[in-house]
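Engineer: Input file: query.csv. Contents: CSV, C-alpha atoms.
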```csv
chain,number,residue,atom,x,y,z
A,1,MET,CA,-10.4,-48.2,134.5
A,2,LYS,CA,-11.0,-44.6,134.0
A,3,GLY,CA,-7.3,-44.0,133.2
A,4,GLU,CA,-7.3,-46.8,130.5
A,5,ASN,CA,-10.3,-45.2,128.8
A,6,SER,CA,-8.6,-41.9,128.8
A,7,ASN,CA,-5.5,-43.4,127.2
A,8,GLN,CA,-7.6,-45.1,124.6
A,9,SER,CA,-9.3,-41.8,123.7
A,10,ILE,CA,-6.0,-40.1,123.3
A,11,SER,CA,-4.8,-42.9,121.0
A,12,TYR,CA,-7.9,-42.7,118.8
A,13,TRP,CA,-7.5,-38.9,118.5
A,14,LYS,CA,-3.9,-39.2,117.5
A,15,LEU,CA,-4.8,-41.8,114.9
A,16,PHE,CA,-7.6,-39.7,113.6
A,17,ASN,CA,-5.3,-36.7,113.3
A,18,ALA,CA,-2.7,-38.7,111.5
A,19,GLN,CA,-5.2,-39.9,109.0
A,20,MET,CA,-6.5,-36.4,108.4
A,21,HIS,CA,-3.0,-35.2,107.9
A,22,PHE,CA,-2.4,-37.9,105.3
A,23,PHE,CA,-5.6,-37.0,103.5
A,24,ASN,CA,-4.7,-33.3,103.5
A,25,VAL,CA,-1.3,-34.1,102.1
A,26,LEU,CA,-2.8,-36.3,99.4
A,27,SER,CA,-5.3,-33.6,98.6
A,28,TYR,CA,-2.5,-31.1,98.1
A,29,PHE,CA,-0.7,-33.5,95.8
A,30,LEU,CA,-3.8,-34.1,93.8
A,31,LEU,CA,-4.5,-30.4,93.5
A,32,PHE,CA,-0.9,-29.8,92.5
A,33,GLY,CA,-1.0,-32.6,89.9
A,34,CYS,CA,-4.3,-31.3,88.5
A,35,GLY,CA,-2.8,-27.8,88.3
A,36,LEU,CA,0.3,-29.0,86.7
A,37,SER,CA,-1.6,-31.1,84.1
A,38,LEU,CA,-3.9,-28.1,83.3
A,39,GLY,CA,-0.9,-25.8,82.9
A,40,VAL,CA,0.9,-28.3,80.6
A,41,ILE,CA,-2.3,-28.8,78.5
A,42,LEU,CA,-2.9,-25.0,78.2
A,43,SER,CA,0.7,-24.4,77.4
A,44,PHE,CA,0.6,-27.0,74.6
A,45,HIS,CA,-2.6,-25.6,73.1
A,46,LEU,CA,-1.2,-22.0,73.1
A,47,LYS,CA,2.0,-23.2,71.5
A,48,ASN,CA,0.0,-25.0,68.7
A,49,TYR,CA,-2.2,-21.9,68.2
A,50,SER,CA,0.9,-19.6,67.8
A,51,LEU,CA,2.5,-22.1,65.4
A,52,ALA,CA,-0.7,-22.4,63.3
A,53,LEU,CA,-1.0,-18.7,63.1
A,54,HIS,CA,2.6,-18.4,61.9
A,55,ILE,CA,2.1,-21.1,59.3
A,56,THR,CA,-1.0,-19.4,58.1
A,57,GLN,CA,0.7,-16.0,57.7
A,58,LEU,CA,4.0,-17.4,56.2
A,59,PRO,CA,2.7,-18.6,52.8
A,60,LEU,CA,1.0,-15.2,52.2
A,61,SER,CA,4.2,-13.3,52.6
A,62,THR,CA,6.2,-15.9,50.9
A,63,ARG,CA,3.7,-16.0,48.0
A,64,SER,CA,3.9,-12.2,47.7
A,65,ALA,CA,7.6,-12.2,47.6
A,66,SER,CA,7.7,-15.1,45.2
A,67,THR,CA,5.2,-13.3,42.9
A,68,LEU,CA,7.3,-10.2,42.9
A,69,ALA,CA,10.5,-12.1,42.2
A,70,GLN,CA,9.0,-14.4,39.5
A,71,PRO,CA,9.5,-13.1,35.9
A,72,PRO,CA,6.4,-12.8,33.7
A,73,PRO,CA,5.7,-15.8,31.4
A,74,SER,CA,7.1,-15.5,27.9
A,75,GLN,CA,4.6,-14.1,25.4
A,76,PRO,CA,4.0,-15.7,22.0
A,77,PHE,CA,5.3,-13.9,18.9
A,78,ASN,CA,2.8,-11.9,16.9
A,79,PRO,CA,3.5,-12.3,13.1
A,80,VAL,CA,1.4,-9.3,12.2
A,81,SER,CA,3.0,-6.7,14.3
A,82,GLY,CA,6.4,-8.4,14.4
A,83,THR,CA,6.5,-8.2,18.2
A,84,SER,CA,5.5,-10.3,21.2
A,85,HIS,CA,2.0,-9.9,22.7
A,86,GLY,CA,3.6,-8.7,26.0
A,87,ASP,CA,5.0,-5.6,24.4
A,88,ARG,CA,3.1,-2.4,24.5
A,89,ILE,CA,2.0,-1.8,20.9
A,90,GLY,CA,0.4,1.5,19.8
A,91,LEU,CA,-0.8,2.3,16.3
A,92,THR,CA,2.6,3.9,15.4
A,93,GLU,CA,4.5,0.7,16.3
A,94,PHE,CA,1.9,-1.5,14.5
A,95,LEU,CA,2.2,0.6,11.3
A,96,GLU,CA,6.0,0.5,11.3
A,97,PRO,CA,7.0,-1.8,8.4
A,98,PRO,CA,9.6,-4.5,9.1
A,99,HIS,CA,13.1,-4.1,7.8
A,100,VAL,CA,13.3,-4.9,4.1
A,101,MET,CA,15.9,-7.7,4.8
A,102,HIS,CA,13.6,-9.8,7.0
A,103,ASP,CA,13.6,-13.6,7.5
A,104,MET,CA,10.1,-14.4,6.3
A,105,ASP,CA,9.7,-17.0,3.6
A,106,ASP,CA,7.5,-16.4,0.6
A,107,LYS,CA,4.4,-18.1,2.2
A,108,GLU,CA,4.7,-16.0,5.4
A,109,LEU,CA,5.4,-12.9,3.4
A,110,LEU,CA,2.4,-13.2,1.0
A,111,TRP,CA,0.1,-14.0,3.9
A,112,ARG,CA,1.1,-11.0,5.9
A,113,ALA,CA,1.0,-8.7,2.8
A,114,SER,CA,-2.5,-9.9,2.1
A,115,LEU,CA,-3.9,-8.5,5.3
A,116,ALA,CA,-6.0,-5.4,4.5
A,117,PRO,CA,-8.1,-3.1,6.7
A,118,ARG,CA,-11.8,-3.1,5.8
A,119,ILE,CA,-12.5,0.4,7.1
A,120,PRO,CA,-11.5,2.8,4.3
A,121,GLN,CA,-10.9,5.8,6.6
A,122,TYR,CA,-7.4,5.9,8.1
A,123,PRO,CA,-7.3,6.7,11.8
A,124,PHE,CA,-4.0,8.6,11.4
A,125,HIS,CA,-2.5,11.2,9.1
A,126,ARG,CA,-1.4,9.3,6.0
A,127,VAL,CA,0.7,10.7,3.2
A,128,PRO,CA,0.4,8.4,0.3
A,129,LYS,CA,3.6,7.2,-1.3
A,130,VAL,CA,4.6,5.6,-4.6
A,131,ALA,CA,6.6,2.3,-4.3
A,132,PHE,CA,9.3,1.9,-6.9
A,133,LEU,CA,10.0,-1.8,-7.4
A,134,PHE,CA,13.3,-2.5,-9.2
A,135,LEU,CA,13.6,-6.0,-10.6
A,136,THR,CA,17.3,-6.3,-11.5
A,137,LYS,CA,20.1,-8.8,-12.1
A,138,GLY,CA,22.6,-7.0,-9.9
A,139,PRO,CA,23.2,-3.3,-9.3
A,140,VAL,CA,21.2,-0.3,-10.7
A,141,PRO,CA,23.8,1.2,-13.1
A,142,LEU,CA,21.6,4.2,-13.8
A,143,ALA,CA,21.3,4.9,-10.0
A,144,PRO,CA,22.9,8.4,-10.3
A,145,LEU,CA,20.0,9.5,-12.6
A,146,TRP,CA,17.4,8.1,-10.2
A,147,GLU,CA,19.2,9.9,-7.3
A,148,LYS,CA,18.5,13.2,-9.1
A,149,PHE,CA,14.9,12.1,-9.7
A,150,PHE,CA,14.2,11.4,-6.1
A,151,LYS,CA,16.1,14.3,-4.6
A,152,GLY,CA,14.1,16.5,-2.3
A,153,HIS,CA,11.0,14.2,-2.2
A,154,GLN,CA,11.7,12.1,0.9
A,155,GLY,CA,8.5,10.8,2.5
A,156,LEU,CA,6.7,10.5,-0.9
A,157,TYR,CA,8.3,7.4,-2.2
A,158,SER,CA,9.7,3.9,-1.2
A,159,ILE,CA,12.3,1.8,-3.0
A,160,TYR,CA,12.5,-1.9,-3.1
A,161,VAL,CA,15.2,-3.9,-5.1
A,162,HIS,CA,15.0,-7.6,-6.1
A,163,SER,CA,18.4,-8.6,-7.4
A,164,ASP,CA,20.0,-12.0,-8.0
A,165,PRO,CA,21.0,-13.6,-4.7
A,166,SER,CA,24.6,-13.9,-5.9
A,167,PHE,CA,24.9,-10.1,-6.0
A,168,ASN,CA,26.4,-9.0,-2.7
A,169,LEU,CA,27.8,-5.5,-3.3
A,170,THR,CA,26.5,-2.8,-1.0
A,171,GLU,CA,25.3,0.6,-2.2
A,172,PRO,CA,26.9,3.7,-0.6
A,173,GLU,CA,25.2,4.8,2.6
A,174,GLY,CA,24.1,8.1,1.1
A,175,SER,CA,22.3,6.4,-1.8
A,176,VAL,CA,18.5,6.1,-1.9
A,177,PHE,CA,19.2,2.5,-2.9
A,178,HIS,CA,21.2,1.7,0.3
A,179,GLY,CA,19.6,-1.0,2.4
A,180,ARG,CA,16.6,-1.4,0.1
A,181,ARG,CA,17.3,-4.9,-1.2
A,182,ILE,CA,14.7,-7.5,-0.2
A,183,PRO,CA,15.3,-11.2,0.3
A,184,SER,CA,15.5,-12.5,-3.3
A,185,LYS,CA,15.6,-15.7,-5.3
A,186,GLU,CA,17.0,-16.5,-8.7
A,187,VAL,CA,15.0,-15.2,-11.7
A,188,GLU,CA,15.2,-16.6,-15.3
A,189,TRP,CA,14.1,-14.6,-18.3
A,190,GLY,CA,10.6,-15.8,-19.4
A,191,ASN,CA,10.3,-18.1,-16.5
A,192,VAL,CA,7.3,-18.1,-14.1
A,193,ASN,CA,9.8,-17.3,-11.3
A,194,MET,CA,9.8,-13.8,-12.7
A,195,ILE,CA,6.2,-13.5,-11.6
A,196,GLU,CA,7.2,-14.8,-8.2
A,197,ALA,CA,9.8,-12.1,-7.9
A,198,GLU,CA,7.2,-9.4,-8.9
A,199,ARG,CA,4.8,-10.7,-6.2
A,200,ARG,CA,7.7,-10.7,-3.7
A,201,LEU,CA,8.3,-7.1,-4.5
A,202,LEU,CA,4.7,-6.2,-4.2
A,203,ALA,CA,4.3,-8.1,-0.9
A,204,ASN,CA,7.3,-6.3,0.7
A,205,ALA,CA,6.0,-2.9,-0.4
A,206,LEU,CA,2.5,-3.6,0.8
A,207,MET,CA,3.7,-4.0,4.4
A,208,ASP,CA,4.2,-0.2,4.4
A,209,TYR,CA,0.6,1.1,4.8
A,210,SER,CA,1.6,4.4,3.3
A,211,ASN,CA,2.4,2.9,-0.1
A,212,GLN,CA,-0.6,3.6,-2.4
A,213,ARG,CA,0.8,3.0,-5.9
A,214,PHE,CA,3.3,0.4,-7.1
A,215,VAL,CA,5.4,0.6,-10.3
A,216,LEU,CA,7.7,-2.1,-11.6
A,217,LEU,CA,10.9,-1.1,-13.2
A,218,SER,CA,14.2,-2.7,-14.4
A,219,GLU,CA,17.8,-1.6,-14.1
A,220,ALA,CA,17.5,-0.3,-17.7
A,221,CYS,CA,14.6,2.1,-17.0
A,222,ILE,CA,14.7,5.9,-16.8
A,223,PRO,CA,12.1,8.4,-15.8
A,224,LEU,CA,10.8,10.7,-18.5
A,225,PHE,CA,9.4,13.4,-16.2
A,226,ASN,CA,10.3,14.9,-12.8
A,227,PHE,CA,9.2,13.4,-9.6
A,228,SER,CA,6.3,15.8,-8.9
A,229,THR,CA,4.7,15.0,-12.3
A,230,VAL,CA,5.1,11.3,-11.9
A,231,TYR,CA,3.8,11.4,-8.3
A,232,SER,CA,0.7,13.5,-9.2
A,233,TYR,CA,0.0,11.3,-12.3
A,234,LEU,CA,0.0,8.1,-10.3
A,235,ILE,CA,-1.6,9.2,-7.0
A,236,ASN,CA,-4.5,11.0,-8.7
A,237,SER,CA,-5.2,8.2,-11.3
A,238,THR,CA,-8.5,6.4,-11.0
A,239,GLN,CA,-7.1,3.3,-12.8
A,240,SER,CA,-4.2,0.9,-12.7
A,241,PHE,CA,-1.8,0.5,-15.7
A,242,VAL,CA,-1.5,-3.1,-16.8
A,243,GLU,CA,-1.2,-3.6,-20.6
A,244,SER,CA,-3.6,-6.2,-21.8
A,245,TYR,CA,-4.7,-7.3,-25.3
A,246,ASP,CA,-5.9,-10.3,-27.2
A,247,LEU,CA,-3.3,-11.3,-29.8
A,248,PRO,CA,-4.0,-14.1,-32.3
A,249,GLY,CA,-1.1,-16.1,-33.6
A,250,PRO,CA,1.8,-18.1,-32.2
A,251,VAL,CA,3.1,-15.4,-29.8
A,252,GLY,CA,-0.3,-14.6,-28.4
A,253,ARG,CA,-3.0,-17.3,-28.2
A,254,GLY,CA,-0.5,-19.8,-29.5
A,255,ARG,CA,1.1,-19.8,-26.1
A,256,TYR,CA,-2.1,-20.9,-24.3
A,257,ASN,CA,-2.1,-24.3,-22.7
A,258,ARG,CA,-5.5,-26.1,-22.8
A,259,ARG,CA,-4.7,-27.8,-19.5
A,260,MET,CA,-5.3,-24.4,-17.9
A,261,ARG,CA,-9.0,-25.0,-18.2
A,262,PRO,CA,-11.4,-24.4,-16.6
A,263,GLN,CA,-9.7,-21.7,-14.5
A,264,VAL,CA,-8.4,-19.9,-17.7
A,265,THR,CA,-10.0,-20.4,-21.1
A,266,ILE,CA,-8.5,-19.4,-24.5
A,267,GLN,CA,-11.1,-16.6,-24.7
A,268,GLN,CA,-9.7,-15.1,-21.5
A,269,TRP,CA,-6.0,-15.4,-22.4
A,270,ARG,CA,-4.3,-12.0,-22.7
A,271,LYS,CA,-0.9,-10.7,-23.5
A,272,GLY,CA,0.9,-7.5,-22.4
A,273,ALA,CA,4.1,-5.9,-21.1
A,274,GLN,CA,5.3,-7.0,-17.7
A,275,TRP,CA,6.1,-3.5,-16.6
A,276,PHE,CA,3.0,-2.6,-14.6
A,277,GLU,CA,1.7,0.2,-12.4
A,278,MET,CA,-1.2,-0.5,-10.0
A,279,ASP,CA,-3.0,0.8,-7.0
A,280,ARG,CA,-3.0,-0.8,-3.5
A,281,ASP,CA,-6.2,-2.7,-3.9
A,282,LEU,CA,-5.1,-4.5,-7.0
A,283,ALA,CA,-1.6,-5.2,-5.5
A,284,ILE,CA,-3.3,-7.0,-2.6
A,285,GLU,CA,-5.4,-9.0,-5.0
A,286,VAL,CA,-2.2,-10.1,-6.9
A,287,VAL,CA,-0.3,-11.3,-3.8
A,288,SER,CA,-3.5,-13.0,-2.5
A,289,ASP,CA,-4.2,-14.9,-5.7
A,290,GLN,CA,-4.3,-18.7,-5.0
A,291,ILE,CA,-6.5,-19.7,-7.9
A,292,TYR,CA,-5.0,-18.5,-11.1
A,293,PHE,CA,-1.3,-18.1,-10.3
A,294,PRO,CA,-0.9,-21.8,-9.4
A,295,VAL,CA,-2.3,-22.6,-12.8
A,296,PHE,CA,0.4,-20.5,-14.5
A,297,GLN,CA,3.0,-22.0,-12.3
A,298,LYS,CA,2.0,-25.5,-13.4
A,299,TYR,CA,1.2,-25.0,-17.1
A,300,CYS,CA,2.8,-21.8,-18.3
A,301,LYS,CA,6.4,-22.9,-18.8
A,302,GLY,CA,9.1,-22.5,-21.4
A,303,ALA,CA,8.0,-20.6,-24.5
A,304,CYS,CA,4.8,-19.6,-22.7
A,305,TYR,CA,6.6,-16.6,-21.1
A,306,ALA,CA,4.4,-16.2,-18.0
A,307,ASP,CA,5.6,-12.6,-17.3
A,308,GLU,CA,3.8,-11.5,-20.5
A,309,HIS,CA,0.5,-13.3,-19.8
A,310,TYR,CA,-0.2,-13.8,-16.1
A,311,LEU,CA,-1.1,-10.2,-15.0
A,312,PRO,CA,-2.8,-9.2,-18.3
A,313,THR,CA,-5.0,-12.3,-18.1
A,314,PHE,CA,-5.7,-12.1,-14.3
A,315,VAL,CA,-6.4,-8.4,-14.3
A,316,THR,CA,-8.7,-8.6,-17.4
A,317,MET,CA,-10.6,-11.5,-15.9
A,318,LYS,CA,-11.2,-10.0,-12.5
A,319,PHE,CA,-10.6,-6.3,-12.5
A,320,ALA,CA,-11.0,-5.0,-16.1
A,321,ASN,CA,-13.1,-2.0,-15.1
A,322,LYS,CA,-10.3,-0.7,-12.9
A,323,ASN,CA,-7.6,-1.1,-15.6
A,324,SER,CA,-6.5,1.2,-18.4
A,325,ASN,CA,-5.1,-1.6,-20.5
A,326,ARG,CA,-1.9,0.3,-21.2
A,327,THR,CA,1.6,0.4,-19.8
A,328,LEU,CA,3.4,3.6,-18.6
A,329,THR,CA,6.8,2.3,-19.7
A,330,TRP,CA,7.8,3.0,-23.3
A,331,VAL,CA,9.9,0.5,-25.3
A,332,ASP,CA,10.9,0.2,-28.9
A,333,TRP,CA,9.8,-3.1,-30.6
A,334,SER,CA,10.3,-1.8,-34.1
A,335,LYS,CA,13.3,-3.9,-34.8
A,336,GLY,CA,11.5,-7.1,-34.0
A,337,GLY,CA,12.9,-10.1,-32.1
A,338,PRO,CA,12.3,-11.3,-28.5
A,339,HIS,CA,13.8,-8.2,-26.9
A,340,PRO,CA,13.1,-4.5,-27.5
A,341,ALA,CA,15.8,-2.1,-28.8
A,342,LYS,CA,18.6,-1.0,-26.6
A,343,PHE,CA,19.7,2.6,-26.4
A,344,ILE,CA,23.4,3.4,-26.0
A,345,ARG,CA,25.2,6.7,-25.4
A,346,THR,CA,25.0,8.0,-28.9
A,347,ASN,CA,21.2,7.6,-29.0
A,348,VAL,CA,20.7,9.9,-26.1
A,349,THR,CA,19.9,13.5,-27.3
A,350,VAL,CA,17.7,16.3,-26.1
A,351,GLU,CA,15.4,15.8,-29.1
A,352,PHE,CA,15.2,12.0,-28.5
A,353,LEU,CA,14.2,12.5,-24.9
A,354,GLU,CA,11.6,15.2,-25.8
A,355,ARG,CA,10.1,12.9,-28.4
A,356,LEU,CA,9.7,10.1,-25.8
A,357,ARG,CA,7.7,12.4,-23.5
A,358,SER,CA,5.0,13.4,-25.9
A,359,GLN,CA,4.9,11.2,-29.0
A,360,SER,CA,1.3,9.8,-28.6
A,361,GLN,CA,-2.1,10.5,-27.1
A,362,CYS,CA,-4.1,8.4,-24.6
A,363,GLN,CA,-6.9,8.6,-22.0
A,364,TYR,CA,-6.2,9.6,-18.4
A,365,ASN,CA,-9.1,9.8,-16.0
A,366,GLY,CA,-11.5,10.1,-18.9
A,367,ASN,CA,-9.6,12.9,-20.6
A,368,THR,CA,-7.2,12.9,-23.6
A,369,THR,CA,-3.6,13.6,-22.7
A,370,ASP,CA,-0.2,13.5,-24.5
A,371,ILE,CA,1.5,12.2,-21.3
A,372,CYS,CA,1.2,8.5,-21.9
A,373,HIS,CA,4.5,7.2,-20.7
A,374,LEU,CA,6.3,8.1,-17.5
A,375,PHE,CA,9.3,5.8,-18.0
A,376,ALA,CA,11.3,4.3,-20.8
A,377,ARG,CA,13.7,1.4,-21.4
A,378,LYS,CA,16.1,-0.1,-22.4
A,379,PHE,CA,19.1,2.1,-21.7
A,380,SER,CA,22.6,0.7,-21.4
A,381,PRO,CA,25.0,1.8,-18.6
A,382,ASP,CA,27.2,3.7,-21.0
A,383,ALA,CA,24.3,6.1,-21.7
A,384,LEU,CA,24.5,7.4,-18.1
A,385,TYR,CA,26.8,10.3,-18.9
A,386,ARG,CA,24.5,11.8,-21.5
A,387,LEU,CA,21.4,11.1,-19.5
A,388,LEU,CA,22.9,13.0,-16.6
A,389,LYS,CA,23.8,15.8,-18.9
A,390,PHE,CA,20.5,16.2,-20.8
A,391,ALA,CA,17.7,14.6,-18.7
A,392,PRO,CA,17.7,17.1,-15.7
A,393,LYS,CA,17.2,19.9,-18.2
A,394,VAL,CA,14.5,18.1,-20.2
A,395,MET,CA,12.7,16.7,-17.2
A,396,GLN,CA,13.2,19.7,-14.9
A,397,PHE,CA,14.6,17.7,-12.0
A,398,HIS,CA,14.6,19.3,-8.6
A,399,GLU,CA,18.0,20.7,-7.9
```
How would this structure read if it were set down as structure tokens?
Structural biologist:
Amino acid sequence: MKGENSNQSISYWKLFNAQMHFFNVLSYFLLFGCGLSLGVILSFHLKNYSLALHITQLPLSTRSASTLAQPPPSQPFNPVSGTSHGDRIGLTEFLEPPHVMHDMDDKELLWRASLAPRIPQYPFHRVPKVAFLFLTKGPVPLAPLWEKFFKGHQGLYSIYVHSDPSFNLTEPEGSVFHGRRIPSKEVEWGNVNMIEAERRLLANALMDYSNQRFVLLSEACIPLFNFSTVYSYLINSTQSFVESYDLPGPVGRGRYNRRMRPQVTIQQWRKGAQWFEMDRDLAIEVVSDQIYFPVFQKYCKGACYADEHYLPTFVTMKFANKNSNRTLTWVDWSKGGPHPAKFIRTNVTVEFLERLRSQSQCQYNGNTTDICHLFARKFSPDALYRLLKFAPKVMQFHE
């Protein structure tokens, strides 16, 4: 009995040990599984954190590289300076006038030329220039005479030539007229498009801020004095020179069209030579006129001869106190007819040229003077030889 009990105790103990061993092994497996699961979870989270950090940093570097590589956006064109807003523009570049052979149409040209500073003091050293505006059919046949006139005075003058669009010859490179032709349109004698050409010349010249005085000339004009005299006379003048007078009869008031009212009345109608000289302020007013010039375009046609009436009327109406009411270009109307006398080779003598220089008296800046005309016309091309022979001596051109 005692041996059986002892065997039973041994059996229970072995069974207990076996169960404990099972539980220990199971515990090890559970701990191993928990550790493995925790390691997998931690590894997954660390991997996501590293990936997120990489993704966060990547756009910054990519964006920086992209910004550096990306070209700047295109800048809109600036019609005033003639460049894009993205260019660095200093005052020197802004003041640089465009090339005379530009691609602006008349509307764009007149708009740009009408821009004017309202501060009278210039923030730069400005040497005033005289703009010589040549309204021609083709070449300037008396150019050799003008070459002598301009010689030695660079920087004090500008030249602009409006010729028929069909004229395509090029002046020699050494000539003062080389490259000075502006975009032009056809002009008919006595037609309002002659005024359009004059405004076109003024507008082109106004884009050079150094141009202070503006004189209109034809291919048949000659200078009567040397450059220094002409320059001083014009730059120092307190008035402009637009001939204007009231003329009764068929070739004066008889050309007035009543449909011009109310902008222009018969009492305001004036006549005068088209060959003007004016200062910069008046030139800006002429190219900016959108009230009176359209009236002349519409109603002054045919025998009205707009070139003899528009400026005399406009200037007298608006700026009479700034005008001398006389022209600086001498012509001979003594023979009558629609055109002045023409001078050929045999007419040109020393005595003739001297007489043109001092044959009358007039007012200049409130004083009486015998220098009343600085230019003369109409001289034919065959007069060039004698003009070159006598004029430099009479007019004392710079040699």
Engineer: Applying 12 Å and all atoms listed in the file, which residues near Ile222 of chain A remain after dropping the ones on its own chain fewer than 5 positions away? List them as a VMD selection string.
Structural biologist: chain A and resid 132 134 140 to 149 216 to 217 227 328 to 331 343 348 353 356 to 357 373 to 381 383 to 384 387 to 388 391 to 392 395
Engineer: So which residues fall inside 10 Å of (16.0, -6.0, 3.2) if we count all atoms listed in the file? Mind giving them as a list of chain:residue names?
Structural biologist: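 Every polymer residue passing the test: A:Pro98, A:His99, A:Val100, A:Met101, A:His102, A:Asp103, A:Tyr160, A:Val161, A:His162, A:His178, A:Gly179, A:Arg180, A:Arg181, A:Ile182, A:Pro183, A:Ser184, A:Asn204.
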Engineer: What lies within 6 Å of Gly272 of chain A using all atoms listed in the file, ignoring chain neighbours under 4 positions off, as a list in words?
Structural biologist: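 Skipping anything fewer than 4 positions along the chain leaves Glu243, Ser244, Glu308 and Pro312 of chain A.
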Engineer: With distances taken over all atoms listed in the file, which residue among A:Pro165, A:Gly155, A:Gly190, A:Pro340 lies nearest Gly138 of chain A?
Structural biologist: A:Pro165
Engineer: In Å, rounded to a single decimal, give me how far atom CA of Gln359 of chain A is from atom CA of Lys342 of chain A.
Structural biologist: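 According to the coordinates, atom CA of Lys342 of chain A and atom CA of Gln359 of chain A are separated by 18.5 Å.
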Engineer: Find the distance between atom CA of Leu156 of chain A and atom CA of Lys129 of chain A and write it in Å to one decimal.
Structural biologist: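 Interatomic distance, atom CA of Leu156 of chain A to atom CA of Lys129 of chain A: 4.5 Å.
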Engineer: Report as an mmCIF file with C-alpha atoms, in the coordinates of the input all protein, DNA and RNA residues lying within 12 Å of Leu91 of chain A, evaluated on only C-alpha atoms, omitting residues in the same chain fewer than 4 positions from it.
Structural biologist:
```
data_model
loop_
_atom_site.group_PDB
_atom_site.id
_atom_site.type_symbol
_atom_site.label_atom_id
_atom_site.label_comp_id
_atom_site.auth_asym_id
_atom_site.auth_seq_id
_atom_site.Cartn_x
_atom_site.Cartn_y
_atom_site.Cartn_z
ATOM 1 C CA SER A 81 3.000 -6.700 14.300
ATOM 2 C CA LEU A 95 2.200 0.600 11.300
ATOM 3 C CA GLU A 96 6.000 0.500 11.300
ATOM 4 C CA PRO A 97 7.000 -1.800 8.400
ATOM 5 C CA TYR A 122 -7.400 5.900 8.100
ATOM 6 C CA PRO A 123 -7.300 6.700 11.800
ATOM 7 C CA PHE A 124 -4.000 8.600 11.400
ATOM 8 C CA HIS A 125 -2.500 11.200 9.100
ATOM 9 C CA TYR A 209 0.600 1.100 4.800
#
```
Engineer: For each of A:Ser232, A:Thr327, A:Glu196, A:Asn191, take the minimum atom-to-atom distance to Ala303 of chain A, counting all atoms listed in the file, then give the residue where this is smallest.
Structural biologist: A:Asn191
Engineer: Which residue out of A:Val251, A:Cys362, A:Leu201, A:Val130 has the minimum interatomic distance to Leu110 of chain A when all atoms listed in the file are used?
Structural biologist: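 So, comparing all the options, the nearest one is A:Leu201.
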Engineer: Name the closest residue to Ser166 of chain A among the candidates A:Ala273, A:Met317, A:Val192, A:Val187; distances are taken between atoms, counting all atoms listed in the file.
Structural biologist: A:Val187
Engineer: For Val295 of chain A, which residue out of A:Pro262, A:Pro117, A:Pro128, A:Pro139 is the nearest one, using all atoms listed in the file?
Structural biologist: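 Answer, going by the shortest atom-to-atom distance: A:Pro262.
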Engineer: Which residue, A:Tyr310, A:Phe293, A:Tyr256, A:Phe241, has the smallest gap to Asn323 of chain A when you use only C-alpha atoms?
Structural biologist: A:Phe241
Engineer: Mind pulling up the distance from atom CA of Phe225 of chain A to atom CA of Arg126 of chain A?
Structural biologist: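 Taking atom CA of Arg126 of chain A as the start and atom CA of Phe225 of chain A as the end point, the length is 25.0 Å.
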Engineer: Dump as number ranges by chain all residues having an atom at most 10 Å from (-4.5, 9.1, -14.2), computed in the file's coordinates with all atoms listed in the file.
Structural biologist: A: 232-241, 324, 363-367, 369, 371-372
